[in-house]
$ cat target11.pdb   # PDB, C-alpha atoms
ATOM      1  CA  MET A1311      17.998 -10.916  -6.785  1.00  0.00           C
ATOM      2  CA  ASN A1312      17.733 -14.648  -7.477  1.00  0.00           C
ATOM      3  CA  GLU A1313      14.785 -16.534  -8.928  1.00  0.00           C
ATOM      4  CA  ALA A1314      13.319 -17.581  -5.584  1.00  0.00           C
ATOM      5  CA  GLN A1315      13.410 -13.990  -4.298  1.00  0.00           C
ATOM      6  CA  ARG A1316      11.767 -12.701  -7.476  1.00  0.00           C
ATOM      7  CA  HIS A1317       9.022 -15.305  -7.237  1.00  0.00           C
ATOM      8  CA  ARG A1318       8.366 -14.412  -3.611  1.00  0.00           C
ATOM      9  CA  ARG A1319       8.080 -10.697  -4.422  1.00  0.00           C
ATOM     10  CA  LEU A1320       5.689 -11.406  -7.279  1.00  0.00           C
ATOM     11  CA  LEU A1321       3.418 -13.643  -5.193  1.00  0.00           C
ATOM     12  CA  GLU A1322       3.453 -11.147  -2.296  1.00  0.00           C
ATOM     13  CA  TYR A1323       2.382  -8.409  -4.696  1.00  0.00           C
ATOM     14  CA  LEU A1324      -0.479 -10.526  -6.046  1.00  0.00           C
ATOM     15  CA  GLU A1325      -1.699 -11.180  -2.501  1.00  0.00           C
ATOM     16  CA  ASN A1326      -2.632  -7.502  -2.244  1.00  0.00           C
ATOM     17  CA  HIS A1327      -3.301  -6.462  -5.832  1.00  0.00           C
ATOM     18  CA  THR A1328      -4.632  -9.665  -7.522  1.00  0.00           C
ATOM     19  CA  TYR A1329      -3.196  -8.634 -10.945  1.00  0.00           C
ATOM     20  CA  ILE A1330       0.090  -7.399 -12.387  1.00  0.00           C
ATOM     21  CA  SER A1331       1.095  -6.634 -15.960  1.00  0.00           C
ATOM     22  CA  THR A1332       4.358  -8.003 -17.318  1.00  0.00           C
ATOM     23  CA  ASN A1333       5.652  -4.460 -17.806  1.00  0.00           C
ATOM     24  CA  ASP A1334       4.827  -3.531 -14.201  1.00  0.00           C
ATOM     25  CA  TYR A1335       6.692  -6.618 -12.992  1.00  0.00           C
ATOM     26  CA  VAL A1336       9.706  -5.577 -15.098  1.00  0.00           C
ATOM     27  CA  GLU A1337       9.646  -2.109 -13.513  1.00  0.00           C
ATOM     28  CA  MET A1338       9.028  -3.401 -10.003  1.00  0.00           C
ATOM     29  CA  LEU A1339      12.159  -5.566  -9.918  1.00  0.00           C
ATOM     30  CA  ASP A1340      14.209  -3.887 -12.662  1.00  0.00           C
ATOM     31  CA  ILE A1341      14.511  -7.100 -14.670  1.00  0.00           C
ATOM     32  CA  SER A1342      14.393  -7.932 -18.355  1.00  0.00           C
ATOM     33  CA  LEU A1343      11.146  -8.674 -20.167  1.00  0.00           C
ATOM     34  CA  SER A1344      12.320 -12.211 -20.924  1.00  0.00           C
ATOM     35  CA  THR A1345      13.047 -12.866 -17.230  1.00  0.00           C
ATOM     36  CA  ALA A1346       9.617 -11.523 -16.254  1.00  0.00           C
ATOM     37  CA  ARG A1347       7.876 -13.766 -18.785  1.00  0.00           C
ATOM     38  CA  ARG A1348       9.927 -16.784 -17.677  1.00  0.00           C
ATOM     39  CA  ASP A1349       9.042 -16.182 -14.004  1.00  0.00           C
ATOM     40  CA  ILE A1350       5.339 -15.865 -14.754  1.00  0.00           C
ATOM     41  CA  THR A1351       5.357 -18.990 -16.901  1.00  0.00           C
ATOM     42  CA  LYS A1352       7.146 -21.047 -14.262  1.00  0.00           C
ATOM     43  CA  LEU A1353       4.861 -19.938 -11.436  1.00  0.00           C
ATOM     44  CA  ALA A1354       1.835 -20.675 -13.625  1.00  0.00           C
ATOM     45  CA  GLU A1355       3.165 -24.168 -14.333  1.00  0.00           C
ATOM     46  CA  ASP A1356       3.641 -24.645 -10.571  1.00  0.00           C
ATOM     47  CA  GLY A1357       0.002 -23.675 -10.012  1.00  0.00           C
ATOM     48  CA  LYS A1358       0.826 -20.554  -7.994  1.00  0.00           C
ATOM     49  CA  LEU A1359      -0.731 -17.950 -10.294  1.00  0.00           C
ATOM     50  CA  THR A1360      -2.742 -17.665 -13.486  1.00  0.00           C
ATOM     51  CA  LYS A1361      -0.882 -16.542 -16.596  1.00  0.00           C
ATOM     52  CA  ILE A1362      -2.928 -14.176 -18.739  1.00  0.00           C
ATOM     53  CA  ARG A1363      -2.182 -12.044 -21.774  1.00  0.00           C
ATOM     54  CA  ASN A1364       0.539  -9.525 -20.885  1.00  0.00           C
ATOM     55  CA  GLY A1365       0.526 -10.364 -17.201  1.00  0.00           C
ATOM     56  CA  ALA A1366      -0.534 -12.582 -14.326  1.00  0.00           C
ATOM     57  CA  GLU A1367      -3.291 -12.746 -11.728  1.00  0.00           C
ATOM     58  CA  VAL A1368      -4.101 -14.691  -8.618  1.00  0.00           C
ATOM     59  CA  ILE A1369      -5.781 -18.054  -9.031  1.00  0.00           C
ATOM     60  CA  HIS A1370      -9.535 -17.607  -8.689  1.00  0.00           C
ATOM     61  CA  THR A1371     -11.422 -20.572  -7.286  1.00  0.00           C
ATOM     62  CA  GLU A1372     -15.190 -20.835  -7.397  1.00  0.00           C
ATOM     63  CA  GLU A1373     -15.300 -20.190  -3.660  1.00  0.00           C
ATOM     64  CA  SER A1374     -13.056 -17.126  -3.786  1.00  0.00           C
ATOM     65  CA  HIS A1375     -15.073 -15.678  -6.665  1.00  0.00           C
ATOM     66  CA  SER A1376     -18.335 -16.020  -4.750  1.00  0.00           C
ATOM     67  CA  GLN A1377     -16.764 -14.265  -1.764  1.00  0.00           C
ATOM     68  CA  ALA A1378     -15.137 -11.469  -3.744  1.00  0.00           C
ATOM     69  CA  HIS A1379     -17.304  -8.779  -2.199  1.00  0.00           C
ATOM     70  CA  ALA A1380     -18.095 -10.487   1.092  1.00  0.00           C
ATOM     71  CA  ALA A1381     -17.194  -8.566   4.222  1.00  0.00           C
ATOM     72  CA  SER A1382     -14.413 -11.049   5.007  1.00  0.00           C
ATOM     73  CA  HIS A1383     -12.756 -10.116   1.718  1.00  0.00           C
ATOM     74  CA  PHE A1384     -13.610  -6.425   1.739  1.00  0.00           C
ATOM     75  CA  ILE A1385     -12.304  -6.051   5.291  1.00  0.00           C
ATOM     76  CA  PRO A1386      -8.807  -7.614   5.516  1.00  0.00           C
ATOM     77  CA  SER A1387      -8.331 -10.235   8.197  1.00  0.00           C
ATOM     78  CA  GLU A1388      -5.071 -11.136   9.902  1.00  0.00           C
ATOM     79  CA  ARG A1389      -4.505 -14.087   7.576  1.00  0.00           C
ATOM     80  CA  ASP A1390      -4.967 -11.809   4.546  1.00  0.00           C
ATOM     81  CA  ILE A1391      -2.136  -9.477   5.573  1.00  0.00           C
ATOM     82  CA  HIS A1392       1.441 -10.493   4.835  1.00  0.00           C
ATOM     83  CA  ASN A1393       3.852  -9.551   7.657  1.00  0.00           C
ATOM     84  CA  TYR A1394       0.850  -8.784   9.867  1.00  0.00           C
ATOM     85  CA  GLY A1395       2.809  -8.283  13.095  1.00  0.00           C
ATOM     86  CA  GLU A1396       5.222  -5.799  11.564  1.00  0.00           C
ATOM     87  CA  LYS A1397       2.433  -3.880   9.829  1.00  0.00           C
ATOM     88  CA  LEU A1398       0.403  -3.685  13.031  1.00  0.00           C
ATOM     89  CA  ARG A1399       3.374  -2.155  14.881  1.00  0.00           C
ATOM     90  CA  ILE A1400       3.904   0.287  12.009  1.00  0.00           C
ATOM     91  CA  ALA A1401       0.226   1.282  12.146  1.00  0.00           C
ATOM     92  CA  ARG A1402       0.406   1.914  15.877  1.00  0.00           C
ATOM     93  CA  ALA A1403       3.533   4.055  15.507  1.00  0.00           C
ATOM     94  CA  ALA A1404       1.781   6.071  12.793  1.00  0.00           C
ATOM     95  CA  TYR A1405      -1.230   6.646  15.026  1.00  0.00           C
ATOM     96  CA  GLU A1406       1.050   7.760  17.870  1.00  0.00           C
ATOM     97  CA  LEU A1407       2.301  10.652  15.713  1.00  0.00           C
ATOM     98  CA  CYS A1408      -1.218  12.111  15.751  1.00  0.00           C
ATOM     99  CA  ASP A1409      -2.693  14.465  18.316  1.00  0.00           C
ATOM    100  CA  GLU A1410      -6.318  15.026  19.239  1.00  0.00           C
ATOM    101  CA  ASN A1411      -7.973  17.522  16.832  1.00  0.00           C
ATOM    102  CA  ASP A1412      -5.539  16.619  14.044  1.00  0.00           C
ATOM    103  CA  SER A1413      -6.690  16.216  10.466  1.00  0.00           C
ATOM    104  CA  ILE A1414      -4.931  13.427   8.553  1.00  0.00           C
ATOM    105  CA  VAL A1415      -5.097  11.908   5.076  1.00  0.00           C
ATOM    106  CA  VAL A1416      -4.852   8.102   4.934  1.00  0.00           C
ATOM    107  CA  SER A1417      -4.339   6.260   1.661  1.00  0.00           C
ATOM    108  CA  GLY A1418      -5.336   2.696   0.851  1.00  0.00           C
ATOM    109  CA  SER A1419      -3.337  -0.377   1.869  1.00  0.00           C
ATOM    110  CA  ASN A1420      -3.405  -3.191   4.400  1.00  0.00           C
ATOM    111  CA  THR A1421      -0.916  -1.293   6.537  1.00  0.00           C
ATOM    112  CA  THR A1422      -2.876   1.956   6.596  1.00  0.00           C
ATOM    113  CA  PHE A1423      -6.086  -0.044   7.190  1.00  0.00           C
ATOM    114  CA  LEU A1424      -4.638  -1.264  10.484  1.00  0.00           C
ATOM    115  CA  MET A1425      -4.481   2.341  11.707  1.00  0.00           C
ATOM    116  CA  GLY A1426      -8.268   2.246  11.964  1.00  0.00           C
ATOM    117  CA  GLU A1427      -8.153   0.172  15.140  1.00  0.00           C
ATOM    118  CA  TYR A1428      -6.184   2.923  16.877  1.00  0.00           C
ATOM    119  CA  LEU A1429      -7.871   5.950  15.287  1.00  0.00           C
ATOM    120  CA  ALA A1430     -11.458   4.873  15.971  1.00  0.00           C
ATOM    121  CA  GLY A1431     -13.209   7.003  18.563  1.00  0.00           C
ATOM    122  CA  HIS A1432     -10.513   9.657  18.829  1.00  0.00           C
ATOM    123  CA  ASN A1433     -11.134  13.254  17.861  1.00  0.00           C
ATOM    124  CA  ILE A1434      -8.973  12.986  14.742  1.00  0.00           C
ATOM    125  CA  GLN A1435     -10.426  13.904  11.363  1.00  0.00           C
ATOM    126  CA  VAL A1436      -9.656  11.160   8.838  1.00  0.00           C
ATOM    127  CA  VAL A1437      -9.727  11.960   5.110  1.00  0.00           C
ATOM    128  CA  THR A1438      -9.511   8.857   2.922  1.00  0.00           C
ATOM    129  CA  ASN A1439     -10.377   7.307  -0.414  1.00  0.00           C
ATOM    130  CA  PHE A1440      -9.978   3.771   0.977  1.00  0.00           C
ATOM    131  CA  MET A1441     -13.396   2.216   1.452  1.00  0.00           C
ATOM    132  CA  PRO A1442     -12.447  -0.609   3.889  1.00  0.00           C
ATOM    133  CA  LEU A1443     -10.948   1.960   6.270  1.00  0.00           C
ATOM    134  CA  ALA A1444     -13.973   4.233   5.887  1.00  0.00           C
ATOM    135  CA  TYR A1445     -16.329   1.310   6.541  1.00  0.00           C
ATOM    136  CA  GLN A1446     -14.356   0.280   9.612  1.00  0.00           C
ATOM    137  CA  LEU A1447     -14.479   3.791  11.069  1.00  0.00           C
ATOM    138  CA  ILE A1448     -18.194   4.164  10.317  1.00  0.00           C
ATOM    139  CA  GLN A1449     -18.865   0.865  12.107  1.00  0.00           C
ATOM    140  CA  LYS A1450     -17.010   2.203  15.145  1.00  0.00           C
ATOM    141  CA  ASN A1451     -18.890   5.540  15.088  1.00  0.00           C
ATOM    142  CA  HIS A1452     -15.765   7.555  14.411  1.00  0.00           C
ATOM    143  CA  PRO A1453     -16.614  11.221  15.071  1.00  0.00           C
ATOM    144  CA  SER A1454     -14.952  12.840  12.038  1.00  0.00           C
ATOM    145  CA  LEU A1455     -14.588  11.128   8.660  1.00  0.00           C
ATOM    146  CA  ILE A1456     -14.361  12.537   5.126  1.00  0.00           C
ATOM    147  CA  VAL A1457     -14.636  10.027   2.268  1.00  0.00           C
ATOM    148  CA  LEU A1458     -13.280  11.380  -1.000  1.00  0.00           C
ATOM    149  CA  GLY A1459     -15.572  11.002  -3.979  1.00  0.00           C
ATOM    150  CA  GLY A1460     -14.994   9.556  -7.428  1.00  0.00           C
ATOM    151  CA  GLN A1461     -15.371   6.274  -9.268  1.00  0.00           C
ATOM    152  CA  TYR A1462     -15.148   3.230  -7.013  1.00  0.00           C
ATOM    153  CA  LEU A1463     -12.545   0.709  -8.198  1.00  0.00           C
ATOM    154  CA  PRO A1464     -13.533  -2.647  -6.653  1.00  0.00           C
ATOM    155  CA  GLU A1465     -10.225  -4.361  -7.388  1.00  0.00           C
ATOM    156  CA  ARG A1466      -8.414  -1.739  -5.263  1.00  0.00           C
ATOM    157  CA  HIS A1467     -11.286  -0.733  -2.917  1.00  0.00           C
ATOM    158  CA  ILE A1468     -10.482   2.940  -3.544  1.00  0.00           C
ATOM    159  CA  THR A1469     -12.215   5.877  -5.166  1.00  0.00           C
ATOM    160  CA  LEU A1470     -10.485   7.713  -7.994  1.00  0.00           C
ATOM    161  CA  SER A1471     -11.692  11.070  -9.228  1.00  0.00           C
ATOM    162  CA  PRO A1472     -10.785  12.635 -12.601  1.00  0.00           C
ATOM    163  CA  ASP A1473     -11.468  16.015 -10.999  1.00  0.00           C
ATOM    164  CA  THR A1474      -8.092  17.456 -10.059  1.00  0.00           C
ATOM    165  CA  GLU A1475      -9.792  19.909  -7.702  1.00  0.00           C
ATOM    166  CA  SER A1476     -11.819  17.277  -5.827  1.00  0.00           C
ATOM    167  CA  THR A1477      -9.786  17.629  -2.628  1.00  0.00           C
ATOM    168  CA  ASP A1478      -8.524  21.176  -2.964  1.00  0.00           C
ATOM    169  CA  ASP A1479     -10.399  22.257   0.142  1.00  0.00           C
ATOM    170  CA  HIS A1480      -8.638  19.730   2.384  1.00  0.00           C
ATOM    171  CA  SER A1481      -5.461  20.609   4.257  1.00  0.00           C
ATOM    172  CA  SER A1482      -4.150  18.089   6.761  1.00  0.00           C
ATOM    173  CA  ARG A1483      -1.174  17.757   9.081  1.00  0.00           C
ATOM    174  CA  PHE A1484      -0.114  14.300   7.864  1.00  0.00           C
ATOM    175  CA  VAL A1485      -0.548  12.091   4.829  1.00  0.00           C
ATOM    176  CA  PHE A1486      -0.043   8.433   5.710  1.00  0.00           C
ATOM    177  CA  PHE A1487       0.722   6.265   2.680  1.00  0.00           C
ATOM    178  CA  THR A1488       2.674   3.241   1.524  1.00  0.00           C
ATOM    179  CA  GLY A1489       4.359   1.830  -1.566  1.00  0.00           C
ATOM    180  CA  THR A1490       5.702  -1.338  -3.144  1.00  0.00           C
ATOM    181  CA  GLY A1491       9.326  -0.315  -2.659  1.00  0.00           C
ATOM    182  CA  VAL A1492      11.592   2.196  -0.937  1.00  0.00           C
ATOM    183  CA  SER A1493      15.001   3.208  -2.271  1.00  0.00           C
ATOM    184  CA  LYS A1494      17.454   6.016  -1.580  1.00  0.00           C
ATOM    185  CA  SER A1495      15.425   8.024  -4.104  1.00  0.00           C
ATOM    186  CA  GLY A1496      12.149   7.715  -2.199  1.00  0.00           C
ATOM    187  CA  VAL A1497       8.948   5.659  -2.182  1.00  0.00           C
ATOM    188  CA  HIS A1498       7.910   3.774  -5.312  1.00  0.00           C
ATOM    189  CA  THR A1499       4.755   2.019  -6.474  1.00  0.00           C
ATOM    190  CA  SER A1500       4.400  -0.462  -9.305  1.00  0.00           C
ATOM    191  CA  ASP A1501       0.617  -0.033  -9.471  1.00  0.00           C
ATOM    192  CA  LEU A1502      -0.325   2.713 -11.949  1.00  0.00           C
ATOM    193  CA  VAL A1503      -3.874   3.076 -10.592  1.00  0.00           C
ATOM    194  CA  VAL A1504      -2.555   3.478  -7.055  1.00  0.00           C
ATOM    195  CA  TYR A1505       0.002   5.982  -8.336  1.00  0.00           C
ATOM    196  CA  MET A1506      -2.734   8.096  -9.933  1.00  0.00           C
ATOM    197  CA  ALA A1507      -4.879   8.046  -6.790  1.00  0.00           C
ATOM    198  CA  GLU A1508      -2.147   8.589  -4.214  1.00  0.00           C
ATOM    199  CA  LYS A1509      -0.216  11.242  -6.116  1.00  0.00           C
ATOM    200  CA  LYS A1510      -3.199  13.536  -5.553  1.00  0.00           C
ATOM    201  CA  LEU A1511      -3.489  12.670  -1.871  1.00  0.00           C
ATOM    202  CA  LEU A1512       0.142  13.529  -1.187  1.00  0.00           C
ATOM    203  CA  GLU A1513      -0.562  17.169  -2.002  1.00  0.00           C
ATOM    204  CA  TYR A1514      -2.978  17.608   0.888  1.00  0.00           C
ATOM    205  CA  GLY A1515      -0.762  17.136   3.904  1.00  0.00           C
ATOM    206  CA  ALA A1516       2.037  19.195   5.411  1.00  0.00           C
ATOM    207  CA  ARG A1517       4.077  16.097   6.304  1.00  0.00           C
ATOM    208  CA  LEU A1518       4.333  12.850   4.303  1.00  0.00           C
ATOM    209  CA  VAL A1519       4.667   9.687   6.378  1.00  0.00           C
ATOM    210  CA  ALA A1520       5.473   6.425   4.568  1.00  0.00           C
ATOM    211  CA  MET A1521       4.410   3.196   6.288  1.00  0.00           C
ATOM    212  CA  VAL A1522       6.420   0.384   4.701  1.00  0.00           C
ATOM    213  CA  ASP A1523       7.480  -2.970   6.138  1.00  0.00           C
ATOM    214  CA  SER A1524      11.097  -4.122   5.813  1.00  0.00           C
ATOM    215  CA  SER A1525      10.439  -6.531   2.924  1.00  0.00           C
ATOM    216  CA  LYS A1526      10.124  -3.491   0.635  1.00  0.00           C
ATOM    217  CA  ILE A1527      13.045  -1.404   1.927  1.00  0.00           C
ATOM    218  CA  GLY A1528      15.948  -1.196  -0.492  1.00  0.00           C
ATOM    219  CA  LYS A1529      13.789  -2.570  -3.306  1.00  0.00           C
ATOM    220  CA  PRO A1530      12.784   0.102  -5.806  1.00  0.00           C
ATOM    221  CA  GLY A1531      10.214  -0.732  -8.415  1.00  0.00           C
ATOM    222  CA  GLY A1532       7.761   1.181 -10.555  1.00  0.00           C
ATOM    223  CA  LYS A1533       7.081   4.887 -10.512  1.00  0.00           C
ATOM    224  CA  LEU A1534       8.509   7.235  -7.920  1.00  0.00           C
ATOM    225  CA  LEU A1535       5.532   8.225  -5.791  1.00  0.00           C
ATOM    226  CA  ALA A1536       7.340  10.496  -3.347  1.00  0.00           C
ATOM    227  CA  CYS A1537      10.981  11.520  -3.629  1.00  0.00           C
ATOM    228  CA  THR A1538      13.258  11.670  -0.600  1.00  0.00           C
ATOM    229  CA  SER A1539      13.100  15.462  -0.372  1.00  0.00           C
ATOM    230  CA  GLN A1540       9.306  15.284   0.012  1.00  0.00           C
ATOM    231  CA  LEU A1541       9.364  12.584   2.667  1.00  0.00           C
ATOM    232  CA  ASP A1542       9.142  13.644   6.296  1.00  0.00           C
ATOM    233  CA  THR A1543       9.060  10.260   8.041  1.00  0.00           C
ATOM    234  CA  LEU A1544       9.473   6.574   7.229  1.00  0.00           C
ATOM    235  CA  ILE A1545       8.018   4.021   9.646  1.00  0.00           C
ATOM    236  CA  THR A1546       9.343   0.491   9.166  1.00  0.00           C
ATOM    237  CA  ASP A1547      10.409  -2.537  11.184  1.00  0.00           C
ATOM    238  CA  GLN A1548      13.763  -3.601  12.593  1.00  0.00           C
ATOM    239  CA  ASN A1549      14.675  -5.875   9.653  1.00  0.00           C
ATOM    240  CA  ALA A1550      14.843  -3.028   7.134  1.00  0.00           C
ATOM    241  CA  ASP A1551      17.947  -2.650   4.967  1.00  0.00           C
ATOM    242  CA  PRO A1552      20.346  -0.475   7.049  1.00  0.00           C
ATOM    243  CA  GLU A1553      22.142   1.017   4.041  1.00  0.00           C
ATOM    244  CA  THR A1554      18.910   2.402   2.592  1.00  0.00           C
ATOM    245  CA  LEU A1555      17.804   3.713   5.996  1.00  0.00           C
ATOM    246  CA  ALA A1556      21.150   5.420   6.538  1.00  0.00           C
ATOM    247  CA  ALA A1557      20.940   7.158   3.157  1.00  0.00           C
ATOM    248  CA  LEU A1558      17.393   8.345   3.831  1.00  0.00           C
ATOM    249  CA  GLU A1559      18.303   9.569   7.301  1.00  0.00           C
ATOM    250  CA  GLU A1560      21.301  11.460   5.924  1.00  0.00           C
ATOM    251  CA  ALA A1561      18.921  13.131   3.459  1.00  0.00           C
ATOM    252  CA  GLY A1562      16.799  14.383   6.365  1.00  0.00           C
ATOM    253  CA  VAL A1563      14.103  11.709   6.600  1.00  0.00           C
ATOM    254  CA  ASN A1564      12.992  10.853  10.135  1.00  0.00           C
ATOM    255  CA  ILE A1565      13.243   7.058  10.578  1.00  0.00           C
ATOM    256  CA  ILE A1566      11.011   5.263  13.098  1.00  0.00           C
ATOM    257  CA  LEU A1567      11.853   1.590  13.682  1.00  0.00           C
ATOM    258  CA  VAL A1568       9.287  -0.634  15.382  1.00  0.00           C
TER     259      VAL A1568
END
$ encode --input "target11.pdb" --output "structure tokens"
Amino acid sequence: MNEAQRHRRLLEYLENHTYISTNDYVEMLDISLSTARRDITKLAEDGKLTKIRNGAEVIHTEESHSQAHAASHFIPSERDIHNYGEKLRIARAAYELCDENDSIVVSGSNTTFLMGEYLAGHNIQVVTNFMPLAYQLIQKNHPSLIVLGGQYLPERHITLSPDTESTDDHSSRFVFFTGTGVSKSGVHTSDLVVYMAEKKLLEYGARLVAMVDSSKIGKPGGKLLACTSQLDTLITDQNADPETLAALEEAGVNIILV
């Protein structure tokens, strides 16, 4: 991966997560610590991010700070979502796997958020820790919604509970989730907080469905969230790396291209 590609991946990550540690960036792209520091320094000098101790964050303007918890920020808009068209098609394909009277677990991401438009109003029980999705479904009078409890983390818009038994009474047909990379080994995430939250959620569905756009296929990084043997289905778009898809399909993963 060349410098321009690394910079693009880093800035795309910050669009959704606002902060990344240097060590997480190293893991995400499998690069050296010196390369990670050099990339962050260069992008900071170019005015594209803010360099902080042991990491980087998005540039906060006075206007963006004042809107941090405004509905337009809390609820993602089309311009907030990178690869919006692809993610919308992925969300629709995920919804089409569901039947009326299903119970599903949905984790937190821009891609899973887009499922809300299709789920709303249908007799499908949605279990989630992602507050923007929950808010969207409440606004649309969704008939069956379970919001998982725990501490609210405003930078991720999710709840995280230290109670390992907090969702033991939930059993769902599907868990819909995403990650920051997909390799032949499975689905990865470079965000430790997301890893902690989603690792629990993955236990409460019979079938794991990863919703990942093509920019992340063939690009491992961070901790392995779900290995290939656990993965039932991967939904991605037509531009996904064919070698990675072929390896996953050979391992028994159902591939849906949109």
$ atom_distance --input "target11.pdb" --atom1 "CA of Glu1367 in chain A" --atom2 "CA of Val1416 in chain A"
26.7 Å
$ residues_around --input "target11.pdb" --residues "Cys1537 in chain A" --least-positions-apart "5" --cutoff "9 Å" --atoms "only C-alpha atoms" --output "number ranges by chain"
A: 1494-1498
$ resolve_selection --input "target11.pdb" --expression "the PyMOL selection byres ((chain A and resi 1442-1444) around 10)" --output "ChimeraX atom specification"
/A:1381,1383-1386,1416-1420,1422-1427,1436-1441,1445-1450,1452,1455-1458,1467-1468
$ closest_residue --input "target11.pdb" --among "A:Ile1362, A:Ile1414, A:Ile1400, A:Ile1565" --to "Val1522 in chain A" --atoms "all atoms listed in the file"
A:Ile1400
$ closest_residue --input "target11.pdb" --among "A:Gln1435, A:Thr1546, A:Ser1387, A:Thr1421" --to "Asp1409 in chain A" --atoms "all atoms listed in the file"
A:Gln1435
$ axis_aligned_box --input "target11.pdb" --around "range 1388-1405 of chain A" --padding-each-side "6 Å" --output "JSON"
{"center_x": 0.1, "center_y": -3.7, "center_z": 10.2, "size_x": 22.3, "size_y": 32.7, "size_z": 23.3}
$ build_atoms --input "target11.pdb" --residues "range 1344-1360 of chain A" --atoms "N, CA and C atoms" --output "PDB file, keeping the file's coordinate frame"
ATOM      1  N   SER A1344      12.240 -10.756 -20.790  1.00  0.00           N
ATOM      2  CA  SER A1344      12.320 -12.211 -20.924  1.00  0.00           C
ATOM      3  C   SER A1344      12.335 -12.894 -19.564  1.00  0.00           C
ATOM      4  N   THR A1345      13.032 -12.304 -18.584  1.00  0.00           N
ATOM      5  CA  THR A1345      13.047 -12.866 -17.230  1.00  0.00           C
ATOM      6  C   THR A1345      11.652 -12.800 -16.610  1.00  0.00           C
ATOM      7  N   ALA A1346      10.972 -11.672 -16.802  1.00  0.00           N
ATOM      8  CA  ALA A1346       9.617 -11.523 -16.254  1.00  0.00           C
ATOM      9  C   ALA A1346       8.684 -12.579 -16.837  1.00  0.00           C
ATOM     10  N   ARG A1347       8.747 -12.776 -18.144  1.00  0.00           N
ATOM     11  CA  ARG A1347       7.876 -13.766 -18.785  1.00  0.00           C
ATOM     12  C   ARG A1347       8.210 -15.178 -18.309  1.00  0.00           C
ATOM     13  N   ARG A1348       9.504 -15.464 -18.142  1.00  0.00           N
ATOM     14  CA  ARG A1348       9.927 -16.784 -17.677  1.00  0.00           C
ATOM     15  C   ARG A1348       9.434 -17.045 -16.253  1.00  0.00           C
ATOM     16  N   ASP A1349       9.520 -16.029 -15.388  1.00  0.00           N
ATOM     17  CA  ASP A1349       9.042 -16.182 -14.004  1.00  0.00           C
ATOM     18  C   ASP A1349       7.542 -16.458 -13.968  1.00  0.00           C
ATOM     19  N   ILE A1350       6.799 -15.691 -14.738  1.00  0.00           N
ATOM     20  CA  ILE A1350       5.339 -15.865 -14.754  1.00  0.00           C
ATOM     21  C   ILE A1350       4.959 -17.236 -15.281  1.00  0.00           C
ATOM     22  N   THR A1351       5.639 -17.669 -16.329  1.00  0.00           N
ATOM     23  CA  THR A1351       5.357 -18.990 -16.901  1.00  0.00           C
ATOM     24  C   THR A1351       5.648 -20.098 -15.899  1.00  0.00           C
ATOM     25  N   LYS A1352       6.776 -20.000 -15.226  1.00  0.00           N
ATOM     26  CA  LYS A1352       7.146 -21.047 -14.262  1.00  0.00           C
ATOM     27  C   LYS A1352       6.166 -21.108 -13.092  1.00  0.00           C
ATOM     28  N   LEU A1353       5.795 -19.964 -12.559  1.00  0.00           N
ATOM     29  CA  LEU A1353       4.861 -19.938 -11.436  1.00  0.00           C
ATOM     30  C   LEU A1353       3.475 -20.426 -11.860  1.00  0.00           C
ATOM     31  N   ALA A1354       3.110 -20.162 -13.114  1.00  0.00           N
ATOM     32  CA  ALA A1354       1.835 -20.675 -13.625  1.00  0.00           C
ATOM     33  C   ALA A1354       1.886 -22.193 -13.737  1.00  0.00           C
ATOM     34  N   GLU A1355       3.013 -22.711 -14.217  1.00  0.00           N
ATOM     35  CA  GLU A1355       3.165 -24.168 -14.333  1.00  0.00           C
ATOM     36  C   GLU A1355       3.158 -24.839 -12.962  1.00  0.00           C
ATOM     37  N   ASP A1356       3.636 -24.113 -11.938  1.00  0.00           N
ATOM     38  CA  ASP A1356       3.641 -24.645 -10.571  1.00  0.00           C
ATOM     39  C   ASP A1356       2.295 -24.473  -9.880  1.00  0.00           C
ATOM     40  N   GLY A1357       1.338 -23.851 -10.576  1.00  0.00           N
ATOM     41  CA  GLY A1357       0.002 -23.675 -10.012  1.00  0.00           C
ATOM     42  C   GLY A1357      -0.102 -22.573  -8.975  1.00  0.00           C
ATOM     43  N   LYS A1358       0.815 -21.600  -9.013  1.00  0.00           N
ATOM     44  CA  LYS A1358       0.826 -20.554  -7.994  1.00  0.00           C
ATOM     45  C   LYS A1358       0.197 -19.248  -8.457  1.00  0.00           C
ATOM     46  N   LEU A1359      -0.034 -19.113  -9.756  1.00  0.00           N
ATOM     47  CA  LEU A1359      -0.731 -17.950 -10.294  1.00  0.00           C
ATOM     48  C   LEU A1359      -1.343 -18.333 -11.634  1.00  0.00           C
ATOM     49  N   THR A1360      -2.145 -17.447 -12.171  1.00  0.00           N
ATOM     50  CA  THR A1360      -2.742 -17.665 -13.486  1.00  0.00           C
ATOM     51  C   THR A1360      -2.066 -16.752 -14.493  1.00  0.00           C
TER      52      THR A1360
END
